[in-house]
Every structure is written in C-alpha cells, then in structure tokens.
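The structure file target.txt is reproduced below (compact mmCIF, C-alpha atoms).
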# COMPACT_ATOMS: atom_id res chain seq x y z
CA MET M 1 188.23 -21.43 -62.00
CA ALA M 2 188.34 -20.15 -58.43
CA LEU M 3 189.46 -23.45 -56.99
CA ALA M 4 191.94 -24.11 -59.79
CA GLY M 5 194.06 -21.39 -58.21
CA GLY M 6 193.55 -22.64 -54.69
CA ALA M 7 195.98 -23.48 -51.91
CA PHE M 8 196.77 -26.96 -53.21
CA SER M 9 197.51 -26.00 -56.79
CA ALA M 10 200.79 -25.09 -58.44
CA SER M 11 199.67 -21.46 -58.34
CA SER M 12 199.03 -21.35 -54.58
CA LEU M 13 200.03 -18.18 -52.79
CA PHE M 14 202.72 -20.15 -50.96
CA ALA M 15 204.16 -21.39 -54.25
CA GLN M 16 204.13 -17.88 -55.72
CA THR M 17 205.58 -16.15 -52.67
CA HIS M 18 207.86 -18.50 -50.77
CA ALA M 19 208.57 -21.72 -52.62
CA ALA M 20 211.84 -20.74 -54.31
CA ASN M 21 213.48 -19.01 -51.33
CA TRP M 22 212.32 -21.64 -48.89
CA ALA M 23 213.56 -24.49 -51.08
CA GLU M 24 217.03 -22.98 -51.00
CA ALA M 25 216.93 -22.47 -47.22
CA THR M 26 215.59 -25.97 -46.63
CA ALA M 27 218.30 -27.50 -48.80
CA ARG M 28 220.93 -25.68 -46.77
CA VAL M 29 219.74 -27.22 -43.48
CA ALA M 30 218.68 -30.60 -44.89
CA SER M 31 221.58 -32.46 -43.27
CA LEU M 32 220.98 -30.92 -39.82
CA SER M 33 218.84 -32.38 -37.06
CA ALA M 34 215.69 -30.55 -36.01
CA GLN M 35 217.46 -29.51 -32.81
CA GLN M 36 220.32 -28.02 -34.81
CA VAL M 37 217.96 -26.17 -37.16
CA ALA M 38 216.19 -24.75 -34.09
CA THR M 39 219.22 -22.53 -33.41
CA ASP M 40 219.87 -21.48 -37.03
CA GLU M 41 218.82 -17.83 -36.93
CA ASP M 42 219.29 -17.29 -40.67
CA TYR M 43 216.76 -20.02 -41.44
CA TRP M 44 214.18 -18.70 -38.99
CA HIS M 45 214.70 -15.10 -40.08
CA LEU M 46 213.31 -16.08 -43.47
CA ILE M 47 210.18 -17.49 -41.80
CA GLN M 48 209.80 -14.50 -39.50
CA GLN M 49 209.60 -12.20 -42.51
CA ALA M 50 206.47 -14.02 -43.69
CA TYR M 51 204.52 -12.80 -40.65
CA PRO M 52 203.45 -9.13 -40.63
CA ALA M 53 203.11 -9.45 -36.85
CA SER M 54 206.88 -9.81 -36.55
CA SER M 55 207.19 -6.05 -37.07
CA SER M 56 204.45 -5.07 -34.63
CA ASN M 57 205.21 -2.54 -31.89
CA ILE M 58 203.40 -4.90 -29.53
CA LEU M 59 205.41 -8.00 -28.64
CA ILE M 60 202.85 -10.77 -29.01
CA LEU M 61 203.59 -13.59 -26.58
CA ASN M 62 200.07 -14.95 -26.21
CA ASN M 63 200.14 -17.26 -29.21
CA GLY M 64 198.62 -19.92 -26.98
CA GLY M 65 195.44 -17.86 -27.18
CA VAL M 66 195.47 -17.16 -30.89
CA SER M 67 198.33 -16.73 -33.33
CA PRO M 68 198.59 -14.17 -36.10
CA SER M 69 198.62 -15.70 -39.58
CA PRO M 70 201.38 -15.41 -42.18
CA LEU M 71 200.68 -12.82 -44.85
CA ILE M 72 199.79 -15.42 -47.48
CA VAL M 73 197.06 -16.82 -45.23
CA GLN M 74 195.64 -13.33 -44.70
CA GLN M 75 195.79 -12.68 -48.45
CA ALA M 76 194.00 -15.95 -49.19
CA VAL M 77 191.15 -15.04 -46.87
CA GLU M 78 190.94 -11.55 -48.38
CA ARG M 79 190.93 -12.94 -51.91
CA TYR M 80 188.16 -15.44 -51.20
CA ASN M 81 186.20 -12.84 -49.27
CA ALA M 82 186.38 -10.42 -52.20
CA MET M 83 185.27 -13.21 -54.52
CA THR M 84 182.37 -14.11 -52.23
CA ASN M 85 181.10 -10.55 -52.17
CA GLN M 86 180.89 -10.46 -55.95
CA GLY M 87 177.93 -12.83 -55.60
CA PRO M 88 177.65 -14.59 -52.22
CA SER M 89 174.95 -17.12 -53.02
CA TYR M 90 176.84 -18.29 -56.10
CA TYR M 91 180.46 -18.18 -54.97
CA MET M 92 179.75 -19.47 -51.43
CA TRP M 93 177.46 -22.39 -52.17
CA ARG M 94 178.53 -23.41 -55.67
CA ILE M 95 182.25 -22.69 -55.62
CA LEU M 96 183.89 -22.37 -52.21
CA ASP M 97 181.65 -24.95 -50.55
CA GLN M 98 183.08 -27.49 -52.99
CA GLY M 99 186.61 -26.69 -51.85
CA ARG M 100 186.20 -28.16 -48.39
CA GLU M 101 187.15 -31.65 -49.52
CA SER M 102 190.67 -30.65 -50.57
CA VAL M 103 191.17 -28.96 -47.19
CA ARG M 104 189.86 -32.07 -45.45
CA ASP M 105 192.34 -34.22 -47.39
CA LYS M 106 195.29 -32.05 -46.38
CA LEU M 107 194.24 -31.89 -42.74
CA ALA M 108 193.98 -35.67 -42.73
CA LEU M 109 197.47 -35.94 -44.18
CA LEU M 110 198.80 -33.69 -41.43
CA ALA M 111 196.87 -35.60 -38.75
CA GLY M 112 197.83 -39.02 -40.11
CA THR M 113 194.20 -40.10 -40.44
CA SER M 114 191.57 -40.83 -43.04
CA PRO M 115 189.78 -37.79 -44.51
CA GLU M 116 186.56 -39.61 -43.61
CA GLU M 117 187.39 -39.00 -39.93
CA ILE M 118 187.95 -35.23 -40.20
CA ALA M 119 185.29 -32.54 -39.77
CA ILE M 120 186.13 -28.86 -40.28
CA ASN M 121 184.57 -26.42 -37.85
CA ARG M 122 185.41 -23.21 -35.99
CA ASN M 123 187.46 -24.02 -32.89
CA ALA M 124 188.37 -26.62 -30.28
CA THR M 125 185.38 -25.74 -28.11
CA GLU M 126 182.97 -26.53 -30.93
CA ALA M 127 184.83 -29.74 -31.78
CA LEU M 128 185.00 -31.02 -28.21
CA LEU M 129 181.46 -30.01 -27.26
CA THR M 130 180.20 -31.83 -30.32
CA VAL M 131 181.58 -34.99 -28.74
CA ILE M 132 180.68 -34.17 -25.14
CA TYR M 133 177.04 -33.41 -25.93
CA GLY M 134 176.87 -36.09 -28.61
CA LEU M 135 177.87 -39.05 -26.42
CA ASP M 136 175.00 -41.34 -25.41
CA LEU M 137 175.81 -41.18 -21.69
CA GLN M 138 173.17 -42.32 -19.22
CA ARG M 139 172.38 -41.31 -15.65
CA GLY M 140 175.12 -42.65 -13.38
CA ASP M 141 177.72 -43.03 -16.16
CA GLU M 142 181.04 -41.54 -15.09
CA VAL M 143 183.42 -39.18 -16.86
CA ILE M 144 186.93 -38.57 -15.49
CA GLY M 145 188.54 -35.23 -16.23
CA ALA M 146 190.72 -32.74 -14.37
CA LEU M 147 190.26 -29.43 -12.62
CA GLN M 148 192.95 -28.07 -14.93
CA ASP M 149 191.01 -28.84 -18.14
CA TYR M 150 189.70 -25.98 -20.29
CA PRO M 151 186.72 -24.10 -18.76
CA ASN M 152 184.35 -24.60 -21.70
CA VAL M 153 184.94 -28.33 -21.50
CA VAL M 154 184.47 -28.38 -17.73
CA GLN M 155 181.20 -26.48 -17.99
CA ALA M 156 179.92 -28.79 -20.73
CA TYR M 157 180.41 -31.88 -18.58
CA LYS M 158 178.89 -30.09 -15.59
CA GLN M 159 175.84 -29.21 -17.67
CA ARG M 160 175.37 -32.86 -18.58
CA GLU M 161 175.77 -33.68 -14.90
CA GLN M 162 173.10 -31.16 -13.88
CA ARG M 163 170.61 -32.01 -16.62
CA GLU M 164 171.06 -35.77 -17.01
CA GLY M 165 172.73 -37.14 -13.92
CA VAL M 166 176.04 -38.00 -15.58
CA VAL M 167 178.75 -38.22 -12.91
CA TYR M 168 181.66 -35.89 -13.62
CA LYS M 169 184.82 -36.54 -11.57
CA GLN M 170 187.77 -34.14 -11.69
CA LEU M 171 191.31 -35.02 -10.71
CA ASN M 172 193.51 -32.31 -9.26
CA PHE M 173 197.10 -32.11 -10.48
CA VAL M 174 199.88 -29.95 -9.07
CA PHE M 175 201.96 -29.03 -12.11
CA PRO M 176 204.65 -29.25 -13.27
CA ILE M 177 204.89 -33.04 -13.07
CA GLU M 178 207.88 -34.84 -14.55
CA ASP M 179 206.55 -38.38 -14.15
CA ASP M 180 204.23 -39.86 -16.78
CA GLU M 181 203.39 -42.92 -14.74
CA ALA M 182 202.26 -40.81 -11.78
CA ILE M 183 199.79 -39.02 -14.03
CA VAL M 184 198.49 -42.24 -15.58
CA ARG M 185 198.02 -43.75 -12.12
CA GLU M 186 195.78 -40.87 -11.05
CA TYR M 187 193.40 -41.52 -13.93
CA GLU M 188 193.57 -45.26 -13.35
CA LYS M 189 192.78 -44.96 -9.64
CA ALA M 190 189.65 -42.92 -10.41
CA ILE M 191 188.15 -45.62 -12.66
CA THR M 192 185.10 -47.55 -11.45
CA PRO M 193 182.82 -50.03 -13.26
CA LYS M 194 180.66 -47.04 -14.26
CA THR M 195 183.46 -45.09 -15.97
CA LYS M 196 182.72 -44.56 -19.66
CA ILE M 197 184.93 -41.62 -20.68
CA ILE M 198 188.32 -40.16 -19.79
CA HIS M 199 188.87 -36.59 -20.94
CA VAL M 200 192.50 -35.43 -21.12
CA THR M 201 194.12 -32.20 -22.28
CA HIS M 202 197.14 -32.95 -24.47
CA VAL M 203 198.95 -29.71 -23.57
CA VAL M 204 197.50 -27.99 -20.51
CA ASN M 205 196.70 -24.52 -21.76
CA TRP M 206 197.36 -22.71 -18.46
CA MET M 207 201.07 -23.45 -18.17
CA GLY M 208 202.08 -25.90 -20.88
CA GLN M 209 202.31 -29.31 -19.20
CA ILE M 210 202.42 -32.06 -21.83
CA MET M 211 200.23 -34.94 -20.67
CA PRO M 212 201.08 -38.59 -21.47
CA VAL M 213 198.07 -39.01 -23.74
CA GLN M 214 199.24 -42.16 -25.48
CA LYS M 215 199.89 -43.93 -22.17
CA ILE M 216 196.54 -42.84 -20.77
CA CYS M 217 194.81 -44.12 -23.92
CA GLN M 218 196.57 -47.47 -23.70
CA MET M 219 195.49 -47.85 -20.08
CA ALA M 220 191.92 -46.83 -20.85
CA GLN M 221 191.63 -49.07 -23.89
CA LYS M 222 192.44 -52.14 -21.80
CA ARG M 223 189.45 -51.30 -19.63
CA GLY M 224 187.04 -50.56 -22.46
CA ILE M 225 186.97 -46.82 -21.70
CA GLU M 226 186.88 -44.20 -24.45
CA VAL M 227 189.20 -41.17 -24.41
CA VAL M 228 188.42 -37.62 -25.55
CA VAL M 229 191.55 -35.54 -26.20
CA ASP M 230 191.67 -31.74 -26.16
CA GLY M 231 194.43 -31.00 -28.68
CA ALA M 232 193.94 -27.24 -28.88
CA HIS M 233 197.56 -26.52 -27.94
CA SER M 234 199.27 -29.53 -29.47
CA PHE M 235 198.08 -29.79 -33.08
CA GLY M 236 200.28 -27.79 -35.42
CA LEU M 237 203.05 -27.61 -32.82
CA LEU M 238 204.04 -31.03 -31.49
CA ASP M 239 205.31 -33.58 -33.98
CA PHE M 240 202.71 -36.34 -33.71
CA LYS M 241 199.91 -38.03 -35.61
CA VAL M 242 196.43 -38.09 -34.11
CA SER M 243 196.13 -41.68 -35.26
CA ASP M 244 199.10 -42.67 -33.06
CA LEU M 245 197.61 -41.34 -29.82
CA GLY M 246 195.15 -44.20 -29.43
CA CYS M 247 192.24 -41.91 -28.52
CA ASP M 248 188.67 -42.09 -29.80
CA TYR M 249 187.92 -38.37 -30.19
CA PHE M 250 190.17 -35.35 -30.77
CA GLY M 251 189.36 -31.66 -31.12
CA THR M 252 191.60 -28.71 -31.87
CA SER M 253 191.74 -25.09 -32.95
CA LEU M 254 193.71 -24.35 -36.11
CA HIS M 255 194.23 -20.65 -35.32
CA LYS M 256 196.85 -21.31 -32.68
CA PHE M 257 200.09 -23.01 -33.70
CA LEU M 258 199.02 -23.90 -37.23
CA SER M 259 198.51 -20.13 -37.80
CA ALA M 260 195.32 -20.71 -39.79
CA PRO M 261 192.67 -17.95 -39.95
CA VAL M 262 190.97 -17.00 -36.70
CA GLY M 263 187.83 -19.07 -36.29
CA SER M 264 188.99 -22.37 -37.77
CA GLY M 265 189.02 -25.74 -36.06
CA MET M 266 189.04 -29.49 -36.59
CA LEU M 267 187.25 -32.50 -35.12
CA TRP M 268 188.55 -36.05 -35.49
CA ILE M 269 186.46 -39.09 -34.60
CA LYS M 270 187.59 -42.67 -35.10
CA LYS M 271 185.61 -44.04 -38.04
CA GLY M 272 183.80 -46.72 -36.06
CA LYS M 273 182.61 -44.17 -33.50
CA ILE M 274 181.08 -41.57 -35.83
CA SER M 275 177.62 -43.11 -36.12
CA LYS M 276 176.99 -43.11 -32.37
CA ILE M 277 177.81 -39.41 -31.81
CA TRP M 278 174.86 -37.05 -32.19
CA PRO M 279 175.67 -33.83 -34.08
CA LEU M 280 175.85 -30.70 -31.96
CA LEU M 281 173.71 -28.96 -34.59
CA CYS M 282 170.85 -30.79 -36.29
CA ASN M 283 171.40 -32.99 -39.32
CA SER M 284 168.98 -34.97 -41.47
CA SER M 285 170.90 -38.18 -40.71
CA PRO M 286 172.11 -37.79 -37.12
CA LYS M 287 173.14 -41.44 -36.75
CA SER M 288 175.02 -41.55 -40.03
CA ASP M 289 178.66 -42.63 -40.11
CA ASP M 290 179.49 -39.73 -42.46
CA ILE M 291 181.80 -37.27 -40.68
CA ARG M 292 180.21 -34.43 -42.67
CA LYS M 293 177.11 -34.58 -40.49
CA PHE M 294 179.10 -32.48 -38.00
CA GLU M 295 179.52 -29.69 -40.56
CA THR M 296 175.89 -28.58 -40.82
CA LEU M 297 176.76 -25.23 -39.25
CA GLY M 298 174.56 -23.12 -41.48
CA THR M 299 176.09 -20.08 -43.16
CA ARG M 300 179.69 -19.60 -42.12
CA SER M 301 182.92 -18.09 -43.44
CA PHE M 302 184.00 -20.07 -46.48
CA PRO M 303 187.01 -17.76 -47.00
CA ILE M 304 188.30 -18.76 -43.55
CA GLU M 305 187.97 -22.44 -44.42
CA GLN M 306 189.88 -21.96 -47.65
CA GLY M 307 192.57 -19.99 -45.83
CA ILE M 308 193.39 -23.12 -43.85
CA GLY M 309 194.96 -24.51 -46.99
CA GLU M 310 197.70 -21.89 -47.19
CA ALA M 311 198.41 -22.35 -43.47
CA ILE M 312 198.97 -26.06 -44.08
CA ASN M 313 201.30 -25.26 -46.99
CA PHE M 314 203.26 -22.93 -44.71
CA HIS M 315 203.44 -25.45 -41.88
CA MET M 316 204.48 -28.39 -44.03
CA ALA M 317 207.22 -26.38 -45.70
CA ILE M 318 208.80 -25.90 -42.27
CA GLY M 319 208.12 -29.43 -41.03
CA SER M 320 206.44 -30.48 -37.80
CA LYS M 321 209.58 -31.59 -36.00
CA ARG M 322 211.55 -28.46 -36.88
CA LYS M 323 208.67 -26.29 -35.75
CA GLU M 324 208.32 -28.11 -32.43
CA GLU M 325 212.03 -27.88 -31.69
CA ARG M 326 212.23 -24.19 -32.63
CA VAL M 327 209.33 -23.16 -30.41
CA ARG M 328 210.69 -25.24 -27.54
CA TYR M 329 214.10 -23.60 -28.02
CA LEU M 330 212.49 -20.15 -27.89
CA LYS M 331 210.63 -21.01 -24.68
CA ASN M 332 213.77 -22.33 -23.00
CA TYR M 333 215.79 -19.36 -24.25
CA TRP M 334 213.86 -16.83 -22.19
CA ALA M 335 212.81 -19.12 -19.34
CA GLU M 336 216.34 -20.27 -18.50
CA LYS M 337 217.45 -16.65 -18.30
CA VAL M 338 214.68 -15.33 -16.04
CA GLN M 339 214.91 -18.44 -13.86
CA LYS M 340 218.20 -17.03 -12.55
CA VAL M 341 216.63 -13.71 -11.52
CA PRO M 342 215.91 -13.52 -7.75
CA GLY M 343 212.19 -13.54 -7.04
CA VAL M 344 211.18 -15.00 -10.40
CA ARG M 345 209.43 -18.38 -10.43
CA LEU M 346 208.65 -20.70 -13.31
CA HIS M 347 205.54 -22.87 -13.26
CA THR M 348 206.49 -25.17 -16.13
CA SER M 349 209.03 -27.94 -16.60
CA LEU M 350 211.83 -27.12 -19.01
CA LYS M 351 212.36 -30.77 -19.94
CA ALA M 352 211.43 -31.58 -23.52
CA ALA M 353 209.10 -34.44 -22.61
CA TYR M 354 206.90 -32.23 -20.45
CA SER M 355 206.66 -28.87 -22.24
CA CYS M 356 207.16 -27.15 -25.56
CA GLY M 357 206.07 -23.58 -26.26
CA ILE M 358 204.03 -22.50 -23.23
CA CYS M 359 205.65 -21.48 -19.94
CA GLY M 360 204.18 -19.85 -16.85
CA VAL M 361 206.07 -17.25 -14.79
CA SER M 362 205.43 -15.22 -11.65
CA ILE M 363 207.30 -12.77 -9.43
CA ASP M 364 207.27 -13.00 -5.65
CA GLY M 365 205.13 -10.32 -4.02
CA MET M 366 203.18 -9.48 -7.16
CA THR M 367 199.73 -10.57 -8.22
CA ILE M 368 199.43 -12.12 -11.65
CA GLN M 369 197.31 -9.18 -12.78
CA GLU M 370 199.99 -6.73 -11.63
CA LEU M 371 202.74 -8.56 -13.51
CA GLU M 372 200.71 -8.92 -16.69
CA GLY M 373 199.64 -5.28 -16.46
CA GLN M 374 203.18 -3.97 -16.05
CA LEU M 375 204.51 -6.10 -18.89
CA PHE M 376 202.06 -4.48 -21.25
CA ALA M 377 201.82 -0.93 -19.85
CA LYS M 378 205.58 -0.38 -19.54
CA TYR M 379 207.04 -2.72 -22.16
CA LYS M 380 204.19 -3.44 -24.63
CA VAL M 381 204.58 -7.17 -24.06
CA ASN M 382 201.27 -8.98 -24.61
CA THR M 383 200.88 -12.07 -22.39
CA SER M 384 198.02 -13.95 -20.72
CA PRO M 385 197.23 -13.71 -16.98
CA THR M 386 196.35 -17.19 -15.75
CA VAL M 387 194.51 -17.77 -12.48
CA TRP M 388 192.61 -21.05 -12.53
CA GLU M 389 192.14 -23.56 -9.72
CA ASN M 390 195.65 -24.08 -8.24
CA ILE M 391 197.51 -22.44 -11.15
CA SER M 392 198.56 -18.81 -10.88
CA CYS M 393 201.05 -17.40 -13.38
CA VAL M 394 201.51 -15.25 -16.45
CA ARG M 395 201.43 -17.51 -19.52
CA ILE M 396 204.02 -16.70 -22.15
CA THR M 397 203.94 -18.36 -25.56
CA PRO M 398 206.30 -17.51 -28.44
CA HIS M 399 205.84 -18.74 -32.01
CA VAL M 400 208.05 -19.25 -35.05
CA TYR M 401 207.87 -15.55 -35.95
CA THR M 402 209.26 -14.58 -32.50
CA SER M 403 212.92 -13.50 -32.65
CA LEU M 404 215.64 -13.81 -30.04
CA ALA M 405 215.69 -10.01 -29.85
CA ASP M 406 212.01 -10.14 -28.92
CA LEU M 407 212.77 -12.57 -26.12
CA ASP M 408 215.71 -10.47 -24.91
CA ARG M 409 213.17 -7.65 -24.58
CA LEU M 410 210.95 -9.94 -22.50
CA VAL M 411 213.85 -11.03 -20.29
CA ALA M 412 214.88 -7.41 -19.70
CA ALA M 413 211.30 -6.49 -18.79
CA ILE M 414 210.86 -9.33 -16.29
CA THR M 415 214.29 -8.65 -14.79
CA GLN M 416 213.53 -4.95 -14.33
CA ILE M 417 210.12 -5.63 -12.81
CA ALA M 418 211.52 -8.24 -10.41
CA THR M 419 214.44 -5.99 -9.42
CA SER M 420 212.11 -3.04 -8.78
CA LYS M 421 209.82 -5.23 -6.67
CA ARG M 422 212.72 -6.45 -4.52
CA LYS M 423 213.86 -2.88 -3.90
CA GLN M 424 210.34 -1.88 -2.87
CA GLY M 425 210.17 -4.83 -0.48

Rewrite the coordinates I just gave you, this time as structure tokens.
Amino acid sequence: MALAGGAFSASSLFAQTHAANWAEATARVASLSAQQVATDEDYWHLIQQAYPASSSNILILNNGGVSPSPLIVQQAVERYNAMTNQGPSYYMWRILDQGRESVRDKLALLAGTSPEEIAINRNATEALLTVIYGLDLQRGDEVIGALQDYPNVVQAYKQREQREGVVYKQLNFVFPIEDDEAIVREYEKAITPKTKIIHVTHVVNWMGQIMPVQKICQMAQKRGIEVVVDGAHSFGLLDFKVSDLGCDYFGTSLHKFLSAPVGSGMLWIKKGKISKIWPLLCNSSPKSDDIRKFETLGTRSFPIEQGIGEAINFHMAIGSKRKEERVRYLKNYWAEKVQKVPGVRLHTSLKAAYSCGICGVSIDGMTIQELEGQLFAKYKVNTSPTVWENISCVRITPHVYTSLADLDRLVAAITQIATSKRKQG
C-alpha cells in the first residue's frame, strides 16, 4: 500500500501538485529551443515557486555544494520518515527496502544505462571510493589523475599509494582551458606501459571547467586503459547519458543539481566490470556481477532513497537540455555583468562547451576569504570560498530556482565591494 502511492505512480506528489500547471507551461514552450526557453521568465517562475528556498532571506549560490530540494521532495522524505517511525523494522525492511528497484529503474532511464549497472548509495565520495578501493591494482600500477580533482578522491589514491605501492600521478592544469585536444594530450603524454587507470572529473568542482570526458575515454580505450569519471557536478545538470561517455566507472551525488534529498548518490559500473570490483563494505558474494553487492550499507535512510523518485519526476518534467541551458544562462547573466567591473576577475570560461553553472570570481587586492565573508556578512549571499592548488576564487553556482532578481543582487554586491576596494587602494 505504501509503495502503491510512491513517486512513480499516478498518485505521486509531483502528479498531485505540479502535473496540470506544468503541462500547460510545457505546452506553451514546446515549439521553442532549449536556449529560447532559458530566457522565458514566466516558465521558470513556475519552477521557482516549487522550491521553498526561493523565498529564503539568504541568497543561496552554493548549489555546487548541495542544493535545496523542491517541496515535493521534502514532503516525500517526511512522509516516508513518518511511516518508518510507525514501525521501523517492518516499514524499513519489508516495505521501503522493496522500493529501491523502481528508483534504480528510473535512475537508469535518466543515465541511459541498464538498471543492472546502477547502485544507489549516499554521495559521489562513496561511489568513487568504492571503485578506487575496489580495483585490483598491484604495486607499480599507475593511475593518472589531476591536482584539481576532488580532495577525497585524491586522498583515496594517495592512501593506496602509501599502503600498496600503487603509483599515483597528478597532472596540473591551469584553468580555464578552451581547447579539448590540449587537455587530452596531457593525459596521453602521461601514459606509460604501467598505466591502468585514468581518473577524470567531468565538471571541475572548484571553478566549473567542463572536461572532454568522451574524448579522454576514446583515447584511453585505444590503449586498454580504464577510466573512472567523477560526475558529481555533471549528473542532473548537463544533458548527457552516462552510457555515451565511454567510461568504465561513474560516480555522482544526487543532492546537487538533481535536487534529490541530502545524502543520496549513485554509482554506475559497466556490466562487464562489476565482478572484478571489490565492494567498499563487505558482501557475502564480493566477486559477484550483481550491482547490488555495492548496496550492503547496513541500516540507512530509506526515506531519503524514496525521495529520489520525486526529484527524478521534477527533473524529467523540466527536461535535461532545458535545465542545462537555463543554469548556463543564469551563470552568464551575472558573470558577464561583473566581468565589466574594474578589479573583478573571472576564473571560468563563459563558452558553452567549457562551463555551465559554476563560475569562479575574485577581486584584486582581496583574499578569497575576505570576499566570501563580505558577500555573506553584508549582503547575505552564500557562496563557497575556493583555495585549492593553483585555483583561488569564490565559487558561485545558481540553480533553476534562482531568479534574475537574485543575480542582480549578487552583481550589485560584487560591484559595491570592488568599488569600495578600489577607493581604499
């Protein structure tokens, strides 16, 4: 009975709350390109109203860290949590635990893969470390990554290097780069006969560079090298299918651009590779080719898992391409304005091929911590200070619930801070 009213039924919260109004709005823009819809404020106003965060006094522009969920996703989690607490051992293990398969099916549809290649977990770190620690690498085997990869990933490879003698090589990129072939060449030049794995971040989390993953995978495949892709900042935002990338392993968080509940993630492994990856947590059949062996997490939040379903409904009603183009439009809207302000520097390409929602900014004469601090203390703009390797900027990431008025507020804040700094200097 509980699952009969779940996210993928006719009585889903999305169907009850949004289906009729959204169908009318979608029909109105059906003949427009995704780029044209990106600038249709009436259409996006309807979507903005579905997010309680859109009315927050704090302007949330750190959606690259974690995004708020639409109200229906929050309500789904609350409903399943209330149900669970009526009798946890019954509702968790006998009811909600059975609902994972429908979520798996829908995630596979969104990813363009088989459900038998999708494991549901808690975040990109867990997904990627499952692969990193599960690979049968031997002493002297080489992994190629980058200094600009995510810290948890970097530390995982370094731990394997320290404990087992795996050789971890890190490239150093100076972003932004508007040349796919130059990036591919750097990975290619680092390859030796001992190279087994290339690790690449699809969208560099620090400042939003989109990496040419498909081209890197094609190059690596010709040399018999496997590719692990960190898709934490691409899945649910960029319009692509995991199956089209050509990689072997892919991990992502669902609580960023998909707006799923906080603490939800996804692991994809090519079917023929599953049996050789050891589970991060123990399983009775560790060499099985069943993707579910990666889901033996023990007791976890079943309401969060079920909330993923409503997030998928929400996302698919918008459409991946429309979503990508809208968020890119929002990023360019503010970035192109502040780019003209003396003393303001951007750290991200504004070309569509090389960035989407994330953009880094700094002001001459100010530390990143000072800029981030002033944005919040004086203007209640929540951003992310980024200082990592050779990258130093404030990361700003809007989402579909962000309005143009919100971004005008950001532009005014950056302009005032930069103007004040120039006068002081």

Around all the atoms of segment 312-321 of chain M listed in the file, draw an axis-aligned box and extend it by 6 Å on each of the six sides; I want its centre and edge lengths in Å to one decimal, as AutoDock Vina command-line options.
--center_x 204.3 --center_y -27.3 --center_z -41.5 --size_x 22.6 --size_y 20.7 --size_z 23.0

| message | Using all atoms listed in the file, which protein or nucleic acid residues come within 9 Å of Glu126 of chain M? Drop anything in the same chain fewer than 2 positions from it, and give the result as a ChimeraX atom specification. | response | /M:121-124,128-131,251-252,265-267,280

Could you turn the residues from that selection into a file that holds C-alpha atoms, as a PDB file, keeping the file's coordinate frame?
ATOM      1  CA  ASN M 121     184.570 -26.420 -37.850  1.00  0.00           C
ATOM      2  CA  ARG M 122     185.410 -23.210 -35.990  1.00  0.00           C
ATOM      3  CA  ASN M 123     187.460 -24.020 -32.890  1.00  0.00           C
ATOM      4  CA  ALA M 124     188.370 -26.620 -30.280  1.00  0.00           C
ATOM      5  CA  LEU M 128     185.000 -31.020 -28.210  1.00  0.00           C
ATOM      6  CA  LEU M 129     181.460 -30.010 -27.260  1.00  0.00           C
ATOM      7  CA  THR M 130     180.200 -31.830 -30.320  1.00  0.00           C
ATOM      8  CA  VAL M 131     181.580 -34.990 -28.740  1.00  0.00           C
ATOM      9  CA  GLY M 251     189.360 -31.660 -31.120  1.00  0.00           C
ATOM     10  CA  THR M 252     191.600 -28.710 -31.870  1.00  0.00           C
ATOM     11  CA  GLY M 265     189.020 -25.740 -36.060  1.00  0.00           C
ATOM     12  CA  MET M 266     189.040 -29.490 -36.590  1.00  0.00           C
ATOM     13  CA  LEU M 267     187.250 -32.500 -35.120  1.00  0.00           C
ATOM     14  CA  LEU M 280     175.850 -30.700 -31.960  1.00  0.00           C
TER      15      LEU M 280
END

| message | Here is a test: counting all atoms listed in the file, which residue of M:Ile95, M:Leu410, M:Met211, M:Val341 is nearest to Arg422 of chain M? | response |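 Checking each candidate against Arg422 of chain M, we get M:Val341 as the closest.
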
| task | Show which residues sit within 6 Å of segment 310-321 of chain M, as number ranges by chain. Count only C-alpha atoms, and ignore same-chain residues fewer than 2 positions away. | result | M: 7, 73, 239, 260, 307-308, 323-324

Please produce an output containing C-alpha atoms for each residue in the selection, written as a CSV table (one decimal), keeping the file's coordinate frame.
chain,number,residue,atom,x,y,z
M,7,ALA,CA,196.0,-23.5,-51.9
M,73,VAL,CA,197.1,-16.8,-45.2
M,239,ASP,CA,205.3,-33.6,-34.0
M,260,ALA,CA,195.3,-20.7,-39.8
M,307,GLY,CA,192.6,-20.0,-45.8
M,308,ILE,CA,193.4,-23.1,-43.8
M,323,LYS,CA,208.7,-26.3,-35.8
M,324,GLU,CA,208.3,-28.1,-32.4

| said: So that I can see what lies close to Pro342 of chain M, please list as a count of residues only the residues with an atom at most 12 Å from it, counting all atoms listed in the file and leaving out residues fewer than 6 positions away in the same chain. | reply: 14

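You can rank M:Cys356, M:Val361, M:Leu13, M:Ile304 by their closest distance to Lys337 of chain M using only C-alpha atoms, and at the top of that list sits M:Val361.
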
| message | Report, in Å to a single decimal, how far apart atom CA of Thr397 of chain M and atom CA of Gly65 of chain M are. | response |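 Between these atoms lies a distance of 8.7 Å.
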
| field | Among listed residues M:Leu346, M:Leu61, M:Ile183, M:Leu147, nearest Trp388 of chain M (using only C-alpha atoms) | value |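 Ranking M:Leu346, M:Leu61, M:Ile183, M:Leu147 by distance to Trp388 of chain M, first place goes to M:Leu147.
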